[in-house]
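Asker: Dropping the structure in here first, questions after.
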Amino acid sequence: MANVSVAAEWQLLYNRYYRRPELYTMRWKNIDLSRNKVDCSPFGGPIAVIRDDSKIVQLYSESAVRKLRIFTSSGVLISDTVWKNPGGRLIGMSWTEDQTLICIVQDGTVYRYNIHAELIEPNVTLGKECFEQNVVECVFWGNGVVIQHELEVSTKQAIFVDSSISDTIRTCIVLGNPRAAMKVKNEFKVSEKRWYWLKVFALATIRDWEALEKFSKEKRPPIGYRPFVEACVDADEKGEALKYIPKLADLRERAEAYARIGMAKEAADAASQAKDGELLGRLKLTFQQNAAASSLFDTLRDRLSFQGVS
């Protein structure tokens, strides 16, 4: 065999040369790192290996029982244990500075092991939010960890830990992820009335008037049409509000809604149909700068008085 030049082992990196000699061969057998979750303790410490349950792998001759195995840095098995912890899929693991192996599972439970693969009690949890929303990713650094919830991934925005259910639903809708919002609604058994209120004002926030109108037609809203009107008026969209004002069953509400968007005649007609002279008087004050409108309200109120209606 021809001799290999030592110089050929060196590689140029910017303006320096380096080489990577092989010190020893790992002594473990049949360990395919691509099929496992692996974490190495720093400074030549132990290596934790466990089959990655997020991947579909062929077992070949190995046991179907999933084991957490701990090796030395040269691949000698130190210890192993059957992984049978509840809480869903193993999301990530990492060694701490004192060589404690931290394992985080889907529901936010944290399991700790020593180098002898012995579980350290008690187990701890990352909190209610992780349990309810599921952990999908975690990144360790030193003795710290950053986790990401399922909703943070689906909405592409952080859902803060102290967010209420209502805030989370609104955020999902505003970020254009109605499926995630519906999932939260179903999981936490949010009432239909509350769901309608949240969705109406969330759609108005992003000014998705087409979606709002479609939502209003899915079925008769359990909250009525007044929130639809209020959401549109608050957004200064009088034209959109006009789609819902005629659907208000209460004539007094209809009159007040017309008045809010400056439609004096329609407001007066609705108040007159409700036979509410007091309402006509209040609405007149709303249009006191409009002489024609004031005259109309006076005429209709006088007509009701003549009919014996106050």
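Here's how to read the names in the structure tokens: chain A, B, ... by the order shown, residue numbers from 1 in each chain, ligand numbers from 1 in the order shown.
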Could you give me, as a list in words, the residues within 12 Å of Arg194 of chain A, counting only C-alpha atoms and dropping anything in the same chain fewer than 4 positions from it?
Answerer: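 In the requested form, the answer reads Ile165, Ser166, Asp167, Ile169, Arg170, Lys185, Phe188, Lys189, Val190, Leu198, Lys199, Val200, Phe201, Pro221, Pro222, Ile223 and Pro227 of chain A.
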Asker: Grab the residues selected above and save them as an mmCIF file, in the first residue's frame with C-alpha atoms.
Answerer:
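File produced: again_34.cif:
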```cif
data_model
loop_
_atom_site.group_PDB
_atom_site.id
_atom_site.type_symbol
_atom_site.label_atom_id
_atom_site.label_comp_id
_atom_site.auth_asym_id
_atom_site.auth_seq_id
_atom_site.Cartn_x
_atom_site.Cartn_y
_atom_site.Cartn_z
ATOM 1 C CA ILE A 165 -58.194 30.498 26.751
ATOM 2 C CA SER A 166 -60.040 33.465 25.246
ATOM 3 C CA ASP A 167 -56.778 35.233 24.390
ATOM 4 C CA ILE A 169 -58.515 31.626 20.625
ATOM 5 C CA ARG A 170 -58.410 35.268 19.535
ATOM 6 C CA LYS A 185 -62.565 25.583 21.701
ATOM 7 C CA PHE A 188 -61.675 23.335 26.680
ATOM 8 C CA LYS A 189 -65.401 23.043 25.963
ATOM 9 C CA VAL A 190 -65.833 26.740 25.230
ATOM 10 C CA LEU A 198 -64.501 35.861 20.356
ATOM 11 C CA LYS A 199 -64.584 35.013 16.665
ATOM 12 C CA VAL A 200 -66.723 38.002 15.664
ATOM 13 C CA PHE A 201 -64.400 40.558 17.224
ATOM 14 C CA PRO A 221 -75.930 33.188 15.873
ATOM 15 C CA PRO A 222 -76.635 32.248 19.509
ATOM 16 C CA ILE A 223 -75.607 35.790 20.491
ATOM 17 C CA PRO A 227 -72.131 41.877 18.294
#
```
Asker: Write out as a ChimeraX atom specification which residues come within 12 Å of segment 86-88 of chain A when counting only C-alpha atoms, dropping same-chain ones fewer than 2 positions away.
Answerer: /A:53-54,83-84,90-92,103-111,123-125,130-132,134-136
Asker: Arg207 of chain A: which residues within 10 Å, counting only C-alpha atoms, same-chain residues fewer than 3 positions away excluded, as a PyMOL selection string?
Answerer: chain A and resi 174+201-204+210-212+231-232+235+237
Asker: Name all residues at most 12 Å from segment 247-253 of chain A (count only C-alpha atoms; drop same-chain ones fewer than 5 positions away) and give them as a PyMOL selection string.
Answerer: chain A and resi 216-217+220-221+223-230+241-242+258-260+266-280+282-283
Asker: Take the residues that were just selected and, keeping C-alpha atoms, output them as a PDB file, in the first residue's frame.
Answerer:
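Wrote part_16.pdb, looks like this:
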```pdb
ATOM      1  CA  SER A 216     -72.949  34.988  10.375  1.00  0.00           C
ATOM      2  CA  LYS A 217     -74.681  32.715   7.855  1.00  0.00           C
ATOM      3  CA  ARG A 220     -78.494  31.623  13.516  1.00  0.00           C
ATOM      4  CA  PRO A 221     -75.930  33.188  15.873  1.00  0.00           C
ATOM      5  CA  ILE A 223     -75.607  35.790  20.491  1.00  0.00           C
ATOM      6  CA  GLY A 224     -77.818  37.456  17.898  1.00  0.00           C
ATOM      7  CA  TYR A 225     -76.557  40.024  15.400  1.00  0.00           C
ATOM      8  CA  ARG A 226     -75.814  42.883  17.774  1.00  0.00           C
ATOM      9  CA  PRO A 227     -72.131  41.877  18.294  1.00  0.00           C
ATOM     10  CA  PHE A 228     -71.701  41.783  14.506  1.00  0.00           C
ATOM     11  CA  VAL A 229     -73.031  45.335  14.314  1.00  0.00           C
ATOM     12  CA  GLU A 230     -70.888  46.549  17.207  1.00  0.00           C
ATOM     13  CA  ALA A 241     -72.703  47.161   9.778  1.00  0.00           C
ATOM     14  CA  LEU A 242     -75.616  47.696   7.389  1.00  0.00           C
ATOM     15  CA  TYR A 258     -78.918  53.084  12.708  1.00  0.00           C
ATOM     16  CA  ALA A 259     -78.307  56.180  14.815  1.00  0.00           C
ATOM     17  CA  ARG A 260     -74.723  55.090  15.531  1.00  0.00           C
ATOM     18  CA  GLU A 266     -83.952  54.635   9.396  1.00  0.00           C
ATOM     19  CA  ALA A 267     -83.383  55.187  13.129  1.00  0.00           C
ATOM     20  CA  ALA A 268     -86.571  57.229  13.391  1.00  0.00           C
ATOM     21  CA  ASP A 269     -88.617  54.646  11.488  1.00  0.00           C
ATOM     22  CA  ALA A 270     -87.397  51.792  13.722  1.00  0.00           C
ATOM     23  CA  ALA A 271     -88.097  53.772  16.909  1.00  0.00           C
ATOM     24  CA  SER A 272     -91.543  54.680  15.594  1.00  0.00           C
ATOM     25  CA  GLN A 273     -92.304  51.022  14.825  1.00  0.00           C
ATOM     26  CA  ALA A 274     -91.265  50.223  18.389  1.00  0.00           C
ATOM     27  CA  LYS A 275     -93.749  52.900  19.522  1.00  0.00           C
ATOM     28  CA  ASP A 276     -91.126  54.323  21.863  1.00  0.00           C
ATOM     29  CA  GLY A 277     -91.524  58.084  22.230  1.00  0.00           C
ATOM     30  CA  GLU A 278     -88.764  58.294  24.825  1.00  0.00           C
ATOM     31  CA  LEU A 279     -86.325  56.642  22.420  1.00  0.00           C
ATOM     32  CA  LEU A 280     -87.301  59.120  19.707  1.00  0.00           C
ATOM     33  CA  ARG A 282     -83.032  60.456  22.900  1.00  0.00           C
ATOM     34  CA  LEU A 283     -82.262  59.890  19.242  1.00  0.00           C
TER      35      LEU A 283
END
```
Asker: Rounded to one decimal in Å, what is the spacing between atom CA of Val146 of chain A and atom CA of Thr100 of chain A?
Answerer: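 Separating atom CA of Val146 of chain A from atom CA of Thr100 of chain A is a distance of 17.7 Å.
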Asker: List the neighbours of Pro46 of chain A out to 9 Å using only C-alpha atoms; skip same-chain residues closer than 3 positions along the sequence, and give me the result as an NGL selection string.
Answerer: :A and (39-42 or 70-75 or 78 or 95 or 99 or 115)
Asker: Please dump the current selection as a PDB file, in the first residue's frame; keep C-alpha atoms.
Answerer:
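The resulting file, part_21.pdb, is reproduced below:
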```pdb
ATOM      1  CA  ASP A  39     -26.965  13.427  23.773  1.00  0.00           C
ATOM      2  CA  CYS A  40     -23.322  13.641  24.800  1.00  0.00           C
ATOM      3  CA  SER A  41     -22.223  15.089  28.096  1.00  0.00           C
ATOM      4  CA  PRO A  42     -19.469  17.699  27.604  1.00  0.00           C
ATOM      5  CA  ILE A  70     -25.912   5.173  28.748  1.00  0.00           C
ATOM      6  CA  PHE A  71     -22.404   4.670  27.366  1.00  0.00           C
ATOM      7  CA  THR A  72     -18.969   5.988  28.147  1.00  0.00           C
ATOM      8  CA  SER A  73     -17.445   8.397  25.659  1.00  0.00           C
ATOM      9  CA  SER A  74     -15.740   5.415  24.010  1.00  0.00           C
ATOM     10  CA  GLY A  75     -18.985   3.485  23.573  1.00  0.00           C
ATOM     11  CA  ILE A  78     -22.534   1.750  31.565  1.00  0.00           C
ATOM     12  CA  TRP A  95     -26.989  16.289  30.323  1.00  0.00           C
ATOM     13  CA  GLN A  99     -24.173  14.775  34.736  1.00  0.00           C
ATOM     14  CA  ILE A 115     -25.437   7.849  34.885  1.00  0.00           C
TER      15      ILE A 115
END
```
Asker: In Å to one decimal, how far is atom CA of Lys29 of chain A from atom CA of Glu9 of chain A?
Answerer: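 Atom CA of Lys29 of chain A lies at a distance of 27.6 Å from atom CA of Glu9 of chain A.
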Asker: How many Å separate atom CA of Asp32 of chain A from atom CA of Val145 of chain A?
Answerer: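 Straight-line distance from atom CA of Asp32 of chain A to atom CA of Val145 of chain A works out to 26.5 Å.
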Asker: From a backbone DSSP assignment, name each residue in segment 158-267 of chain A labelled helix (DSSP H, G or I), as a ChimeraX atom specification.
Answerer: /A:165-174,178-187,192-205,209-216,226-234,238-241,245-247,251-260,264-267
Asker: For Leu285 of chain A, list every protein, DNA or RNA residue within 12 Å, evaluated using only C-alpha atoms, and leave out those in the same chain fewer than 4 positions away; present the list as a PDB file with all heavy atoms, in the first residue's frame.
Answerer:
```pdb
ATOM      1  N   ALA A 259     -78.752  54.874  14.335  1.00  0.00           N
ATOM      2  CA  ALA A 259     -78.307  56.180  14.815  1.00  0.00           C
ATOM      3  C   ALA A 259     -76.784  56.226  14.939  1.00  0.00           C
ATOM      4  O   ALA A 259     -76.161  57.252  14.649  1.00  0.00           O
ATOM      5  CB  ALA A 259     -78.957  56.490  16.158  1.00  0.00           C
ATOM      6  N   ALA A 264     -80.406  58.816  10.167  1.00  0.00           N
ATOM      7  CA  ALA A 264     -81.475  59.371  10.993  1.00  0.00           C
ATOM      8  C   ALA A 264     -82.848  58.822  10.618  1.00  0.00           C
ATOM      9  O   ALA A 264     -83.635  58.436  11.492  1.00  0.00           O
ATOM     10  CB  ALA A 264     -81.467  60.893  10.882  1.00  0.00           C
ATOM     11  N   GLU A 278     -89.959  57.905  24.076  1.00  0.00           N
ATOM     12  CA  GLU A 278     -88.764  58.294  24.825  1.00  0.00           C
ATOM     13  C   GLU A 278     -87.498  58.054  24.000  1.00  0.00           C
ATOM     14  O   GLU A 278     -86.576  58.875  24.003  1.00  0.00           O
ATOM     15  CB  GLU A 278     -88.697  57.493  26.125  1.00  0.00           C
ATOM     16  CG  GLU A 278     -87.522  57.872  27.013  1.00  0.00           C
ATOM     17  CD  GLU A 278     -87.454  57.028  28.278  1.00  0.00           C
ATOM     18  OE1 GLU A 278     -88.434  56.320  28.581  1.00  0.00           O
ATOM     19  OE2 GLU A 278     -86.402  57.086  28.948  1.00  0.00           O
ATOM     20  N   LEU A 279     -87.474  56.943  23.276  1.00  0.00           N
ATOM     21  CA  LEU A 279     -86.325  56.642  22.420  1.00  0.00           C
ATOM     22  C   LEU A 279     -86.202  57.677  21.310  1.00  0.00           C
ATOM     23  O   LEU A 279     -85.097  58.121  20.982  1.00  0.00           O
ATOM     24  CB  LEU A 279     -86.468  55.238  21.824  1.00  0.00           C
ATOM     25  CG  LEU A 279     -85.379  54.795  20.843  1.00  0.00           C
ATOM     26  CD1 LEU A 279     -84.004  54.830  21.506  1.00  0.00           C
ATOM     27  CD2 LEU A 279     -85.671  53.397  20.300  1.00  0.00           C
ATOM     28  N   LEU A 280     -87.338  58.087  20.745  1.00  0.00           N
ATOM     29  CA  LEU A 280     -87.301  59.120  19.707  1.00  0.00           C
ATOM     30  C   LEU A 280     -86.696  60.408  20.256  1.00  0.00           C
ATOM     31  O   LEU A 280     -85.931  61.090  19.567  1.00  0.00           O
ATOM     32  CB  LEU A 280     -88.716  59.377  19.184  1.00  0.00           C
ATOM     33  CG  LEU A 280     -89.272  58.323  18.217  1.00  0.00           C
ATOM     34  CD1 LEU A 280     -90.776  58.507  18.040  1.00  0.00           C
ATOM     35  CD2 LEU A 280     -88.563  58.402  16.872  1.00  0.00           C
ATOM     36  N   GLY A 281     -87.017  60.719  21.510  1.00  0.00           N
ATOM     37  CA  GLY A 281     -86.458  61.916  22.133  1.00  0.00           C
ATOM     38  C   GLY A 281     -84.953  61.811  22.309  1.00  0.00           C
ATOM     39  O   GLY A 281     -84.218  62.777  22.064  1.00  0.00           O
ATOM     40  N   GLN A 289     -77.731  68.531  15.641  1.00  0.00           N
ATOM     41  CA  GLN A 289     -77.123  69.454  14.680  1.00  0.00           C
ATOM     42  C   GLN A 289     -77.778  69.357  13.304  1.00  0.00           C
ATOM     43  O   GLN A 289     -77.462  70.139  12.410  1.00  0.00           O
ATOM     44  CB  GLN A 289     -75.619  69.146  14.549  1.00  0.00           C
ATOM     45  CG  GLN A 289     -74.844  69.222  15.852  1.00  0.00           C
ATOM     46  CD  GLN A 289     -74.889  70.600  16.476  1.00  0.00           C
ATOM     47  OE1 GLN A 289     -74.865  71.615  15.774  1.00  0.00           O
ATOM     48  NE2 GLN A 289     -74.978  70.657  17.797  1.00  0.00           N
ATOM     49  N   ASN A 290     -78.672  68.388  13.161  1.00  0.00           N
ATOM     50  CA  ASN A 290     -79.348  68.166  11.877  1.00  0.00           C
ATOM     51  C   ASN A 290     -80.805  68.595  12.028  1.00  0.00           C
ATOM     52  O   ASN A 290     -81.622  67.881  12.621  1.00  0.00           O
ATOM     53  CB  ASN A 290     -79.245  66.682  11.500  1.00  0.00           C
ATOM     54  CG  ASN A 290     -79.794  66.386  10.115  1.00  0.00           C
ATOM     55  OD1 ASN A 290     -80.719  67.047   9.649  1.00  0.00           O
ATOM     56  ND2 ASN A 290     -79.237  65.360   9.475  1.00  0.00           N
ATOM     57  N   ALA A 291     -81.135  69.761  11.489  1.00  0.00           N
ATOM     58  CA  ALA A 291     -82.476  70.330  11.669  1.00  0.00           C
ATOM     59  C   ALA A 291     -83.555  69.434  11.073  1.00  0.00           C
ATOM     60  O   ALA A 291     -84.621  69.228  11.677  1.00  0.00           O
ATOM     61  CB  ALA A 291     -82.542  71.721  11.035  1.00  0.00           C
ATOM     62  N   ALA A 293     -83.475  66.200  10.581  1.00  0.00           N
ATOM     63  CA  ALA A 293     -83.626  64.989  11.383  1.00  0.00           C
ATOM     64  C   ALA A 293     -84.370  65.288  12.672  1.00  0.00           C
ATOM     65  O   ALA A 293     -85.262  64.530  13.085  1.00  0.00           O
ATOM     66  CB  ALA A 293     -82.249  64.398  11.693  1.00  0.00           C
ATOM     67  N   SER A 294     -84.046  66.405  13.306  1.00  0.00           N
ATOM     68  CA  SER A 294     -84.723  66.783  14.548  1.00  0.00           C
ATOM     69  C   SER A 294     -86.214  66.968  14.312  1.00  0.00           C
ATOM     70  O   SER A 294     -87.052  66.549  15.121  1.00  0.00           O
ATOM     71  CB  SER A 294     -84.120  68.080  15.105  1.00  0.00           C
ATOM     72  OG  SER A 294     -82.776  67.885  15.487  1.00  0.00           O
ATOM     73  N   SER A 295     -86.546  67.587  13.187  1.00  0.00           N
ATOM     74  CA  SER A 295     -87.954  67.798  12.847  1.00  0.00           C
ATOM     75  C   SER A 295     -88.672  66.466  12.640  1.00  0.00           C
ATOM     76  O   SER A 295     -89.821  66.289  13.064  1.00  0.00           O
ATOM     77  CB  SER A 295     -88.050  68.652  11.578  1.00  0.00           C
ATOM     78  OG  SER A 295     -89.396  68.799  11.170  1.00  0.00           O
ATOM     79  N   PHE A 297     -87.922  63.539  14.014  1.00  0.00           N
ATOM     80  CA  PHE A 297     -88.124  62.881  15.309  1.00  0.00           C
ATOM     81  C   PHE A 297     -89.288  63.526  16.063  1.00  0.00           C
ATOM     82  O   PHE A 297     -90.100  62.838  16.694  1.00  0.00           O
ATOM     83  CB  PHE A 297     -86.844  62.944  16.146  1.00  0.00           C
ATOM     84  CG  PHE A 297     -85.781  61.982  15.692  1.00  0.00           C
ATOM     85  CD1 PHE A 297     -84.600  62.440  15.126  1.00  0.00           C
ATOM     86  CD2 PHE A 297     -85.964  60.612  15.811  1.00  0.00           C
ATOM     87  CE1 PHE A 297     -83.620  61.557  14.700  1.00  0.00           C
ATOM     88  CE2 PHE A 297     -84.986  59.719  15.385  1.00  0.00           C
ATOM     89  CZ  PHE A 297     -83.814  60.193  14.821  1.00  0.00           C
ATOM     90  N   ASP A 298     -89.385  64.863  15.987  1.00  0.00           N
ATOM     91  CA  ASP A 298     -90.489  65.559  16.655  1.00  0.00           C
ATOM     92  C   ASP A 298     -91.825  65.146  16.063  1.00  0.00           C
ATOM     93  O   ASP A 298     -92.806  64.909  16.784  1.00  0.00           O
ATOM     94  CB  ASP A 298     -90.316  67.076  16.525  1.00  0.00           C
ATOM     95  CG  ASP A 298     -89.247  67.617  17.469  1.00  0.00           C
ATOM     96  OD1 ASP A 298     -88.967  66.934  18.480  1.00  0.00           O
ATOM     97  OD2 ASP A 298     -88.692  68.697  17.189  1.00  0.00           O
TER      98      ASP A 298
END
```
Asker: Run DSSP on the backbone and grab whatever in segment 78-275 of chain A lands in strand (DSSP E); send it over as a ChimeraX atom specification.
Answerer: /A:78-82,90-95,101-105,109-113,119-125,135-141,144-149
